[in-house]
Amino acid sequence: MDWNTIFVTTVKASIGLETVVYALAAIGVNIQFGYAGLLNFGQAAFLGVAAYGMAVTVATFHLPFWLGILIGLAATVVLAFLLGIPTLRLRADYLAIVTIAAAEIVRLVFRSVKFSSVFGGSDGRQNFSGDFFAMNPYSPGTYGIGPISFNERVTWVLTVGWVLIAIACGLVYLLMKSPWGRVLKAIREDEDAVRSLGKNVFSYKMQALVLGGVVGCLGGFLFALGQASVQPDLFSTEFTFYAYTIVILGGAARVFSPVVGAALFWVLLVFVGNTLSEAVSAGMLPSLFTVNNIGAVRFMLVGLGLMLLLIFRPQGIFGDKREIALDAR
Amino acid sequence: MIAFTAFLGGLVFLLSSPAWADGEALKGTLQNQGQPVNGVKISVAGEDGKPVGDATTGADGKWEVPVPKAGRYKVTLDQSTLPKDIGLKFQNRATLDVQVYEGSERNVLFALAPAGKQGGGAAQASSDSSSFWDRVAQLTFEGFNLGLIIALAAMGLSLVFGTTGLTNFAHGELLTFGAMCAYFFNVVVGIPLIWAAVISVVIGGVFGYTQDRFFWGVLRKRGSSLVAMMIISIGLALFLRYVFLFFFGGEGAPYADYNAQPGIQVGPISAAPKNFIAMGIELAVLVIVGLALLKTRLGKAARAVADNPALAASSGINVDGVIRIIWTVGGAVASLAGVMLGLSQNVSFQMGFQILLLVFAGVTLGGLGTAFGALVGSIVVGLFIQLSTVVVPTELKTVGALLVLILVMLFRPQGILGRRERIG
Amino acid sequence: GGEDSAAPASSAPAAQSSAPAAATAQGDGVLTVGTLLPQTGSLAFLGPPEFAGVGLAVKEINDAGGVLGKPVTEVDTDSGDTSTNIASQSVDKLLQQKADVVIGAASSSVSLSVIDKITGAGVVQISPANTSDQFTTYNDKGLYFRTAPPDVLQGRVLGDLILADGNDTVGILALQDAYGTGLADNVQKAVEGGGGQVVEKVVYDPKAADYSADVAKIKEANPKAVALIGFDETKKIIPELVKQGLTAKKVKYYFVDGNLSNYGTGKDGFPKGTLDGAKGTQPGAQVSDDFKKKLKTVDPNLKDYNYGPESYDATILTALAAVAAKSDAPKDIAAHLAEVSSGGEKCKDFKSCNDLLSAGKDIDYDGASGPIEFNEAGDPAEATIGIYQYGADNTNKNIAFNTGKIAG
Amino acid sequence: MHADSTTTKKAAALAAFAGLDREPGVAKPDPILVVDKVVRRFGGLTAVDVDHVEVQRGSITALIGPNGAGKTTFFNQLTGFDSADEGSWTFNGKQLKGVPAHRVARSGMVRTFQLTKALSKLTVMENMRLGAQNQRGENFFRALIPGSWRRQEDEITERAEELLERFKLDAKRDDFAGSLSGGQRKLLEMARALMVGPELVMLDEPMAGVNPALTQSLLGHVKDLREEGMTVLFVEHDMDMVRDISDWVIVMAQGAVIAEGPPDTIMSDPRVIDAYLGAHHDAPMSAEEFEEQLQEAEAELESEIEEKA
Amino acid sequence: MAEPVAAADEDGAATASRAAVVDRADHLAGAESALLRADELYAGYVPGVNILNGADLYVKKGELIGIIGPNGAGKSTLLKTLFGLVPVRTGSVTLNGEDITNLKAHSLVARGVGYVPQTNNVFPSLTIEENLEMGAFQVPGKFKERFEFVCEIFPALRERRKQRAGSLSGGERQMVAMGRALMTEPSVLLLDEPSAGLSPKLQDLVFIQAQQINKAGVTVIMVEQNARRCLQICHRGYVLDQGRNAYMASGRDLINDPKVIQLYLGTLARA
Ligand SMILES: Nc1ncnc2c1ncn2[C@@H]1O[C@H](COP(=O)(O)OP(=O)(O)OP(=O)(O)O)[C@@H](O)[C@H]1O
Ligand SMILES: Nc1ncnc2c1ncn2[C@@H]1O[C@H](COP(=O)(O)OP(=O)(O)OP(=O)(O)O)[C@@H](O)[C@H]1O
Ligand SMILES: [Mg+2]
Ligand SMILES: [Mg+2]
């Protein structure tokens, strides 16, 4: 067993691109669901329209990168309004299904052959990240401590990513300590009560939806830039599920829970995966396990791990046990 | 620059590398309704219009014109040499512009049809419209076919959701479980599918019971919140799905019985007998379970537990017992849904997961927690998936159905059969 | 991919720094072959033959004494599909374990999502199954190769086959991805260029709940032939065709490499005669029974052989290139891949090729999948396409082969 | 207790009511709320059918009526939580029909809920703070600059603490509202509504389930509210309370206003006694009455037993 | 400390002139022949926080006892604990000599205990009729007869039998809740603020009904904020404060005890 590889890849996963992307998406979900109680199951779509907005602007229409970012942001906000205006009046469960449906629609349209001249079909879009990497202040080489190092491109993406995460966390911290956040949390508990106290519930929900979407969309940008490519299936419903899992793993309505949750999620995935495959190649597992099915075993164990974490710590890592007691039926 | 050719039978044209082949050629076989047509003159000209050569079809309908090199050629069929009762199917295609590739022969086809039956683009208009309505009829049927399967899956989901409030993302895997049980008994053990299905429904029920007895029930007792349980169900789904992948493999597989059963024509619809039987069973189960929920004491108790478990216990209802029965029934119904899905769509490790969104759509569209909501909602979803292909490309058929879902939600936020709640 | 072709975008400094620190760590004398192939996700069913192909190749190479005097090591990872997002983590692991070559991914979309990472680290990527034309022009620093021919040639051959059989109206049912739509486009071009008519082209979502609407649309167009372009879904589509009356007797089915398997009449096959007379094309020389047997020694449970030969060839070629370059540094391997695949004395397995190389001869490896020959974009320059026909027992037999140049 | 401080406004209110007819829908000298022809039907059931009703500014008005008379539904219409089928109403001269609930509250008309709506996962204090109006920190951008709302927040907290003390909830200040007992929730509901600083506060059975001793001290508080110029409209089934603090009583039955008048008059109105009060109309039952009733019941029971035998 | 308080007799005669602070000895003496007794109950919702801090209670067969106390004292919690809805941490509950500590609610129903919760006391998505049917869940055969009986008490319910309980007014819900508990003919009835939200006329009815039921041999434990009325009809009363018994005496003694008046009953009705 190559413990060194397992260790290094696991540590790298905890700060790598996927962790950054999932953390940003989860911070968005945390704002929407954790604080405001909006069951937005379409977070993947917010990342998707942002990533595609940027990619299509640059790759299909050959417009400048920053315009792409602006268009991606605008697309996110527009999507939030499109989804929000009609649906924020609905009960939570109905909002969930509408957003999940909307996200699938977005993905299927991106994927379709019909619109492939714009979105590139199932291959998506490439060749849009040049300007971003042109801004890279790191000269070629690797950066990091010992084996835990990244090349200059990844370092640049991760730097931007973690700065964005820090900003997003700061924002959430400030907001949720403020009266604005209080209204949001109150809406999560009982909209009618909040209405009776003279707050415009719809407006706050919309603000939360847009804010969560915009934070998530930063993840979309990074995903696209980090891979130098966008594909429709990156933004499938599983993505949203995982974002929710991350939020709950960390503990809903806590500032740092999405970040820690995301890191934990990917650490789990990578650690389990690499340990297993090392064990197989070292011949430490019964012959029932082969390269062909070891991937399945990995996800089995990850599923099991998620279950166990939540069974034994239902409030998540940072959550408050007292709050959970209130939920019990 | 490899020279390698296998030439077996005269059935097929030949691509050969220049090192060996004596050159590029254009060729074809003229046929009218399966019969070769001979004596028809076909001439080939270069791109610049210079004639390259011509040929007349032989008794076997074949013709061949060698060309000097790769490039574009104009191939023309001399219509005057066609027999009287035969014409070109596409009148505007007497001359074709054909690309010949380096080192390969190229087949050219002139479609023929009995005189009178041929036409240009719009000739088939009349038969088109009738086949269009045939398709609409077929799609309506398919809508019900699919809708009923979704409904069956939705019924299981909505039973559990209705009683425990659990949004079970692992429900799709219960379907897969049922389908795989039936597969095991049918294909591996060799029992006829009908009996395999019965066994798998029973096992599905047991599976449901066991899940509640040793898993969900325990979590409830520990006071896990519904959100935590929802996420746990995502973990469970992941776990089960990959257990299936582990044991079943990534490929889909059909049951041993009734696979590719030939369709029979019923009016404009063609359907396999298994479809009718499956739909009958589905409808019967749905109506029976729905009525049971509405009319029987147990059904009412289930709804009571859904509303307020503590009060239900205070009324003398054994809450855990009721939930366990619901899980058992839910598991059995899900199993049946899985078998039905497998019957029409093959068994694969992702089958349940892939249909889960539609199941959720069906449940919500009908109205959460209503007995027949799942049925109505799912059929609407099924119908719209299929019928939307009349206007949108089929790759986007799910989009059509989901759009309808969103629209319905806007005008009836409580679902089709749902009721509004009182404020204050 | 093309050296500095197209791609004005990613021209950043990174492009010049082909072999930073990561790459120097490679080239350590041991040829390490990493696999990035599907164990999970929607293409999981393609994984086993591909892993078996690589595994068999590594075994044969090592039996013949390895490369540069050391045995080749293999590191296996899961590519998942794009929705599981794990390919990139797998690449991290491969890079960490100093892989010199990554064999994979199967799906074009997954390859696109990691090609930057792999080639950016100066490692060679060889896909056994990518057919998307994106790669031909991708700015990959000359490090991306593939052993699966792009779909141009197969499409051309299949279209011609359809015409030769006298089908003037054709319906196409194609999988909605780069493979399906790309091949469908080429088939359509060939059919319509030769006088036939594609009366309906239906692109289906592989995750769709069912395919009845797709088939109904084909039925409405009433074609003489139906080309089925996809993978595993074909098993669901054929019963649907039969159900709606489009049996093999009424319309002629045409298959492609993705679904040209032996369906059989057994327990999980189709009823006898379901596919009688259907035809199909598959790139690659016929997968010999001998080769199949050898694959089975690696994975006894193997049922299908899709892309097994291509994976095998990718591995053998890597090893040969390393031998020719006398180095296992990815840069050097990439530089010699084209050379060992074309122009020289022909040889068909690692041992004989290796012997020729050590005798100082120029070699031309012809693999299990056909006469591979890389062009300057890293794509195969020519390929053999086999033509197969099904009998009443729903298994196919080869009836012809065609070898042709892809360009043109 | 608050006897001397209540005099001025109470007197004013009583004076205003002095000369009025005892008719349903009678016009008040200075109405803050005027309701016209409000109708709400549920299927075949007409839950509310109020022809005309006015609420005098600065008074404490009780709304009583049998269960299911439509009082809560009426509140729902007025405060925008449900849309009336017909009718119109003005608050401070402003038309409010069709105005969304939060705007109604902002315009100074605040209601509480009969079935309480505690914001479970907020602490009691946060619940209270939420009630305050015009908070700078509730604006997204200003929320990001704590300095801009800190001072206001402190003021709000101070006000909330005072109220909590009054409502005997100060010990629960930092507990989740979801962990309060039934009666405590009622108290919180009312205290929170008062945080809004409304002109007209509409209380839906504020004292049901509240401990009598506490009720009594809270009544004093309500009277103080009137002194501060607030108008109170409340629904209550506790006749002691109605009698004690209301200046005017409106009676609803089957959706319509059937009587209006000062408490004493109303409670001796035979229609009201018949429809609503029953035997227990003017005073709590004395021990003797009880014995009497007991005896009756016993007799009844015995006769029943005999019948069965 | 406290003067000894004898258990209330059937006729309600009091032997002590003043309410007494509860002493365990009194409790033990009285509880000996009790039908239902709870000893030193500790219970709560959140781990580590006890709401009941050693509450004692007993009730003899055929007794009607009242529990009063300030908001948040733990009255409802006490009932829920007796009924098995809140887990007992330490202490015991005994019914008819059988230890029923932590027994599930539905098995208590089978033993003849009925309960009307203070809040959330109806099934909102069931109709009134179905709500009542659920009340008779364990004795479906008796449904018709008991339904008639309940509708006699609350005629409003009969008219609305097909209305969903979720759309009922506060008072109507309360009627359904009472009705539901009466469906089973329980031998012990636990009522949590049954009169809250009801019109005065119906409040009278509830108290009379409680008494009548009691006269018919049913043991009743009643939590009330309508404290005076409650104490007037009950044989014995408990005053609960901060999760333990503060006072226990006959109803009439409690009503007249100045301390109890000042702390719990208030003087409003007298004013
Ligand atoms: N959403 C609804 N659907 C059907 N009927 C309703 C609905 N809401 C209220 N009702 C009915 O309207 C009538 C009036 O209800 P409302 O709640 O206004 O009574 P209330 O006067 O507040 O009674 P209480 O004193 O018991 O609270 C009741 O009979 C109730 O059943
Ligand atoms: N679900 C709960 N979770 C946590 N704490 C609770 C819960 N329910 C009640 N409490 C706490 O337990 C204490 C007692 O509550 P309980 O409901 O028993 O009071 P009560 O005496 O019935 O009061 P009331 O007369 O207001 O109904 C209260 O302080 C309350 O805060
Ligand atoms: Mg009311
Ligand atoms: Mg209580």
# chains A, B, ... in the order shown; residues from 1 in each chain; ligands from 1

$ residues_around --residues "Ile86 of chain C" --least-positions-apart "5" --cutoff "10 Å" --atoms "only C-alpha atoms" --output "number ranges by chain"
A: 18, 266, 269-270, 273; C: 40, 77-81, 91-92, 110

$ residues_near_ligand --ligand "ligand 3" --cutoff "8 Å" --atoms "only C-alpha atoms and all ligand atoms" --output "PyMOL selection string"
(chain B and resi 424) or (chain D and resi 67-68+70-73+114+204-205+235) or (chain E and resi 169-171+197)

$ closest_atom_pairs --of "chain E" --to "ligand 4" --cutoff "7 Å" --atoms "only C-alpha atoms and all ligand atoms" --output "tab-separated table"
residue	atom	partner	partner_atom_place_in_ligand_line	distance
E:Asn71	CA	ligand 4	1 (Mg)	7.0
E:Gly72	CA	ligand 4	1 (Mg)	6.9
E:Gly74	CA	ligand 4	1 (Mg)	6.9
E:Lys75	CA	ligand 4	1 (Mg)	5.5
E:Ser76	CA	ligand 4	1 (Mg)	4.0
E:Gln118	CA	ligand 4	1 (Mg)	6.0
E:Asp192	CA	ligand 4	1 (Mg)	6.7

$ residues_near_ligand --ligand "ligand 2" --cutoff "7 Å" --atoms "only C-alpha atoms and all ligand atoms" --output "MDAnalysis selection string"
(chainID A and resid 325:326) or (chainID D and resid 178:184 209:211) or (chainID E and resid 45:46 51 69:78 225)

$ write_last_selection --atoms "N, CA and C atoms" --output "PDB file, in the first residue's frame"
ATOM      1  N   ALA A 325     -33.488  18.892  18.271  1.00  0.00           N
ATOM      2  CA  ALA A 325     -34.546  18.403  19.162  1.00  0.00           C
ATOM      3  C   ALA A 325     -35.878  19.044  18.804  1.00  0.00           C
ATOM      4  N   LEU A 326     -35.821  20.285  18.328  1.00  0.00           N
ATOM      5  CA  LEU A 326     -37.071  20.972  17.997  1.00  0.00           C
ATOM      6  C   LEU A 326     -37.729  20.393  16.755  1.00  0.00           C
TER       7      LEU A 326
ATOM      8  N   GLY D 178     -39.137  27.711  20.098  1.00  0.00           N
ATOM      9  CA  GLY D 178     -39.787  26.421  19.908  1.00  0.00           C
ATOM     10  C   GLY D 178     -39.881  25.616  21.189  1.00  0.00           C
ATOM     11  N   SER D 179     -39.132  25.995  22.197  1.00  0.00           N
ATOM     12  CA  SER D 179     -39.167  25.213  23.427  1.00  0.00           C
ATOM     13  C   SER D 179     -40.103  25.826  24.461  1.00  0.00           C
ATOM     14  N   LEU D 180     -40.881  26.813  24.059  1.00  0.00           N
ATOM     15  CA  LEU D 180     -41.786  27.435  25.028  1.00  0.00           C
ATOM     16  C   LEU D 180     -43.032  26.592  25.222  1.00  0.00           C
ATOM     17  N   SER D 181     -43.656  26.756  26.378  1.00  0.00           N
ATOM     18  CA  SER D 181     -44.922  26.067  26.624  1.00  0.00           C
ATOM     19  C   SER D 181     -46.036  26.803  25.892  1.00  0.00           C
ATOM     20  N   GLY D 182     -47.182  26.160  25.836  1.00  0.00           N
ATOM     21  CA  GLY D 182     -48.309  26.729  25.101  1.00  0.00           C
ATOM     22  C   GLY D 182     -48.619  28.157  25.513  1.00  0.00           C
ATOM     23  N   GLY D 183     -48.695  28.362  26.811  1.00  0.00           N
ATOM     24  CA  GLY D 183     -49.050  29.693  27.295  1.00  0.00           C
ATOM     25  C   GLY D 183     -47.946  30.705  27.013  1.00  0.00           C
ATOM     26  N   GLN D 184     -46.714  30.258  27.166  1.00  0.00           N
ATOM     27  CA  GLN D 184     -45.594  31.161  26.905  1.00  0.00           C
ATOM     28  C   GLN D 184     -45.581  31.610  25.452  1.00  0.00           C
ATOM     29  N   GLY D 209     -55.161  30.181  27.718  1.00  0.00           N
ATOM     30  CA  GLY D 209     -54.027  29.360  28.121  1.00  0.00           C
ATOM     31  C   GLY D 209     -52.984  30.114  28.917  1.00  0.00           C
ATOM     32  N   VAL D 210     -53.243  31.388  29.210  1.00  0.00           N
ATOM     33  CA  VAL D 210     -52.282  32.122  30.024  1.00  0.00           C
ATOM     34  C   VAL D 210     -52.743  32.074  31.466  1.00  0.00           C
ATOM     35  N   ASN D 211     -51.789  31.919  32.325  1.00  0.00           N
ATOM     36  CA  ASN D 211     -52.072  31.825  33.745  1.00  0.00           C
ATOM     37  C   ASN D 211     -52.850  33.036  34.247  1.00  0.00           C
TER      38      ASN D 211
ATOM     39  N   TYR E  45     -37.109  17.494  27.487  1.00  0.00           N
ATOM     40  CA  TYR E  45     -37.031  17.330  26.035  1.00  0.00           C
ATOM     41  C   TYR E  45     -35.590  17.338  25.552  1.00  0.00           C
ATOM     42  N   VAL E  46     -34.862  18.377  25.993  1.00  0.00           N
ATOM     43  CA  VAL E  46     -33.486  18.535  25.531  1.00  0.00           C
ATOM     44  C   VAL E  46     -32.578  17.752  26.479  1.00  0.00           C
ATOM     45  N   ILE E  51     -37.332  19.230  32.727  1.00  0.00           N
ATOM     46  CA  ILE E  51     -38.482  20.110  32.882  1.00  0.00           C
ATOM     47  C   ILE E  51     -39.243  19.694  34.143  1.00  0.00           C
ATOM     48  N   GLY E  69     -50.981  25.984  37.545  1.00  0.00           N
ATOM     49  CA  GLY E  69     -49.621  26.477  37.719  1.00  0.00           C
ATOM     50  C   GLY E  69     -49.313  27.497  36.649  1.00  0.00           C
ATOM     51  N   PRO E  70     -48.255  28.232  36.842  1.00  0.00           N
ATOM     52  CA  PRO E  70     -47.915  29.275  35.870  1.00  0.00           C
ATOM     53  C   PRO E  70     -47.531  28.676  34.520  1.00  0.00           C
ATOM     54  N   ASN E  71     -47.445  29.524  33.528  1.00  0.00           N
ATOM     55  CA  ASN E  71     -47.061  29.059  32.202  1.00  0.00           C
ATOM     56  C   ASN E  71     -45.629  28.546  32.229  1.00  0.00           C
ATOM     57  N   GLY E  72     -45.461  27.410  31.635  1.00  0.00           N
ATOM     58  CA  GLY E  72     -44.122  26.849  31.571  1.00  0.00           C
ATOM     59  C   GLY E  72     -43.738  26.085  32.821  1.00  0.00           C
ATOM     60  N   ALA E  73     -44.704  25.833  33.683  1.00  0.00           N
ATOM     61  CA  ALA E  73     -44.386  25.126  34.925  1.00  0.00           C
ATOM     62  C   ALA E  73     -44.075  23.660  34.649  1.00  0.00           C
ATOM     63  N   GLY E  74     -44.630  23.156  33.582  1.00  0.00           N
ATOM     64  CA  GLY E  74     -44.413  21.747  33.270  1.00  0.00           C
ATOM     65  C   GLY E  74     -45.674  20.919  33.391  1.00  0.00           C
ATOM     66  N   LYS E  75     -46.801  21.578  33.393  1.00  0.00           N
ATOM     67  CA  LYS E  75     -48.067  20.853  33.534  1.00  0.00           C
ATOM     68  C   LYS E  75     -48.295  19.921  32.348  1.00  0.00           C
ATOM     69  N   SER E  76     -48.166  20.512  31.173  1.00  0.00           N
ATOM     70  CA  SER E  76     -48.371  19.685  29.980  1.00  0.00           C
ATOM     71  C   SER E  76     -47.331  18.590  29.922  1.00  0.00           C
ATOM     72  N   THR E  77     -46.117  18.944  30.302  1.00  0.00           N
ATOM     73  CA  THR E  77     -45.055  17.940  30.289  1.00  0.00           C
ATOM     74  C   THR E  77     -45.390  16.801  31.232  1.00  0.00           C
ATOM     75  N   LEU E  78     -45.967  17.133  32.365  1.00  0.00           N
ATOM     76  CA  LEU E  78     -46.326  16.094  33.317  1.00  0.00           C
ATOM     77  C   LEU E  78     -47.338  15.132  32.696  1.00  0.00           C
ATOM     78  N   GLN E 225     -56.025  26.458  32.882  1.00  0.00           N
ATOM     79  CA  GLN E 225     -55.678  27.822  33.245  1.00  0.00           C
ATOM     80  C   GLN E 225     -56.914  28.555  33.734  1.00  0.00           C
TER      81      GLN E 225
END

$ interface_residues --of "chain A" --to "chain B" --cutoff "9 Å" --atoms "only C-alpha atoms" --output "ChimeraX atom specification"
/A:86-87,89-91,93-95,97-102,104-106,108-109,112-114,192,241-242,244-245,248-249,292-311,314-316,324-329

$ select_by_dssp --residues "segment 138-376 of chain C" --states "helix (DSSP H, G or I)" --output "ChimeraX atom specification"
/C:151-164,178-193,212-221,234-243,289-298,308-325,330-341,350-358

$ residues_around --residues "segment 57-67 of chain E" --least-positions-apart "6" --cutoff "6 Å" --atoms "only C-alpha atoms" --output "list in words"
Ala31, Ala34, Leu35, Leu36, Arg37, Ala38, Gly217, Val218, Thr219, Val220, Ile221, Met222, Val223, Cys234, His235, Arg236, Gly237, Tyr238 and Val239 of chain E

$ write_last_selection --atoms "N, CA and C atoms" --output "JSON list (two decimals), in the first residue's frame"
[["chain", "number", "residue", "atom", "x", "y", "z"],
["E", 31, "ALA", "N", -50.79, 7.92, 48.09],
["E", 31, "ALA", "CA", -50.62, 7.19, 46.84],
["E", 31, "ALA", "C", -50.80, 5.70, 46.99],
["E", 34, "ALA", "N", -53.70, 4.38, 45.30],
["E", 34, "ALA", "CA", -54.04, 5.16, 44.11],
["E", 34, "ALA", "C", -54.18, 4.28, 42.88],
["E", 35, "LEU", "N", -54.95, 4.80, 41.91],
["E", 35, "LEU", "CA", -55.13, 4.10, 40.64],
["E", 35, "LEU", "C", -53.91, 4.39, 39.77],
["E", 36, "LEU", "N", -53.59, 5.68, 39.71],
["E", 36, "LEU", "CA", -52.45, 6.09, 38.89],
["E", 36, "LEU", "C", -51.52, 6.89, 39.78],
["E", 37, "ARG", "N", -50.28, 6.56, 39.79],
["E", 37, "ARG", "CA", -49.37, 7.35, 40.59],
["E", 37, "ARG", "C", -48.05, 7.55, 39.86],
["E", 38, "ALA", "N", -47.48, 8.73, 40.15],
["E", 38, "ALA", "CA", -46.17, 9.03, 39.58],
["E", 38, "ALA", "C", -45.28, 9.42, 40.72],
["E", 217, "GLY", "N", -67.74, 7.46, 36.97],
["E", 217, "GLY", "CA", -66.72, 6.50, 37.40],
["E", 217, "GLY", "C", -65.38, 6.68, 36.73],
["E", 218, "VAL", "N", -65.27, 7.67, 35.85],
["E", 218, "VAL", "CA", -64.00, 7.87, 35.16],
["E", 218, "VAL", "C", -63.09, 8.74, 36.03],
["E", 219, "THR", "N", -61.86, 8.34, 36.12],
["E", 219, "THR", "CA", -60.88, 9.14, 36.84],
["E", 219, "THR", "C", -60.37, 10.22, 35.91],
["E", 220, "VAL", "N", -60.37, 11.47, 36.39],
["E", 220, "VAL", "CA", -60.01, 12.57, 35.50],
["E", 220, "VAL", "C", -58.85, 13.37, 36.09],
["E", 221, "ILE", "N", -57.86, 13.63, 35.25],
["E", 221, "ILE", "CA", -56.82, 14.58, 35.62],
["E", 221, "ILE", "C", -56.91, 15.73, 34.64],
["E", 222, "MET", "N", -57.03, 16.94, 35.18],
["E", 222, "MET", "CA", -57.34, 18.07, 34.32],
["E", 222, "MET", "C", -56.34, 19.18, 34.58],
["E", 223, "VAL", "N", -55.68, 19.63, 33.52],
["E", 223, "VAL", "CA", -54.82, 20.80, 33.63],
["E", 223, "VAL", "C", -55.63, 21.98, 33.13],
["E", 234, "CYS", "N", -62.92, 20.15, 41.20],
["E", 234, "CYS", "CA", -62.08, 18.98, 41.42],
["E", 234, "CYS", "C", -62.04, 18.59, 42.90],
["E", 235, "HIS", "N", -61.76, 17.31, 43.09],
["E", 235, "HIS", "CA", -61.64, 16.84, 44.47],
["E", 235, "HIS", "C", -60.37, 17.34, 45.09],
["E", 236, "ARG", "N", -59.33, 17.25, 44.31],
["E", 236, "ARG", "CA", -58.04, 17.63, 44.82],
["E", 236, "ARG", "C", -57.33, 18.43, 43.76],
["E", 237, "GLY", "N", -56.49, 19.32, 44.21],
["E", 237, "GLY", "CA", -55.75, 20.10, 43.22],
["E", 237, "GLY", "C", -54.27, 20.07, 43.51],
["E", 238, "TYR", "N", -53.50, 20.13, 42.43],
["E", 238, "TYR", "CA", -52.05, 20.28, 42.57],
["E", 238, "TYR", "C", -51.67, 21.64, 42.00],
["E", 239, "VAL", "N", -50.75, 22.28, 42.64],
["E", 239, "VAL", "CA", -50.15, 23.45, 42.02],
["E", 239, "VAL", "C", -48.74, 23.06, 41.64]]

$ closest_atom_pairs --of "chain D" --to "chain A" --cutoff "8 Å" --atoms "only C-alpha atoms" --output "CSV"
residue,atom,partner,partner_atom,distance
D:Thr79,CA,A:Ser196,CA,8.0
D:Phe81,CA,A:Asp192,CA,7.9
D:Ala101,CA,A:Arg195,CA,5.8
D:His102,CA,A:Gly198,CA,4.0
D:Arg103,CA,A:Gly198,CA,6.1
D:Val104,CA,A:Gly198,CA,7.2
D:Ala105,CA,A:Gly198,CA,4.6
D:Arg106,CA,A:Gly198,CA,4.8
D:Val110,CA,A:Ser196,CA,6.4
D:Arg111,CA,A:Ser196,CA,6.5
D:Thr112,CA,A:Ser196,CA,7.6
D:Lys117,CA,A:Ala193,CA,5.9
D:Ala118,CA,A:Ala193,CA,7.6
D:Leu119,CA,A:Glu189,CA,5.1
D:Ser120,CA,A:Glu189,CA,6.2
D:Lys121,CA,A:Glu323,CA,6.4
D:Leu122,CA,A:Ala186,CA,7.0
D:Glu126,CA,A:Arg182,CA,7.3
D:Asn127,CA,A:Ala186,CA,7.9
D:Leu130,CA,A:Val183,CA,6.7
D:Gly131,CA,A:Leu197,CA,5.5
D:Ala132,CA,A:Leu197,CA,8.0
D:Gln133,CA,A:Gly198,CA,7.4
D:Gln135,CA,A:Pro179,CA,7.4
D:Gly137,CA,A:Pro179,CA,5.0
D:Glu138,CA,A:Trp180,CA,4.0
D:Asn139,CA,A:Trp180,CA,6.3
D:Phe140,CA,A:Trp180,CA,6.3
D:Ala143,CA,A:Ser178,CA,5.5
D:Leu144,CA,A:Leu174,CA,5.6
D:Ile145,CA,A:Leu174,CA,7.8
D:Pro146,CA,A:Ser178,CA,7.2
D:Gly178,CA,A:Leu326,CA,6.4
D:Ser179,CA,A:Leu326,CA,7.2
D:Ala193,CA,A:Leu197,CA,6.8
D:Val196,CA,A:Leu197,CA,6.5

$ interface_residues --of "chain B" --to "chain C" --cutoff "7 Å" --atoms "only C-alpha atoms" --output "number ranges by chain"
B: 4-8, 12, 14-17, 28, 96-98, 101, 106-111, 131-132, 135, 139, 142, 187, 249-256, 259-263, 270-272, 345-346, 354-355, 386, 389, 394-395

$ atom_distance --atom1 "atom CA of Asn354 of chain C" --atom2 "atom CA of Ala57 of chain C"
13.3 Å
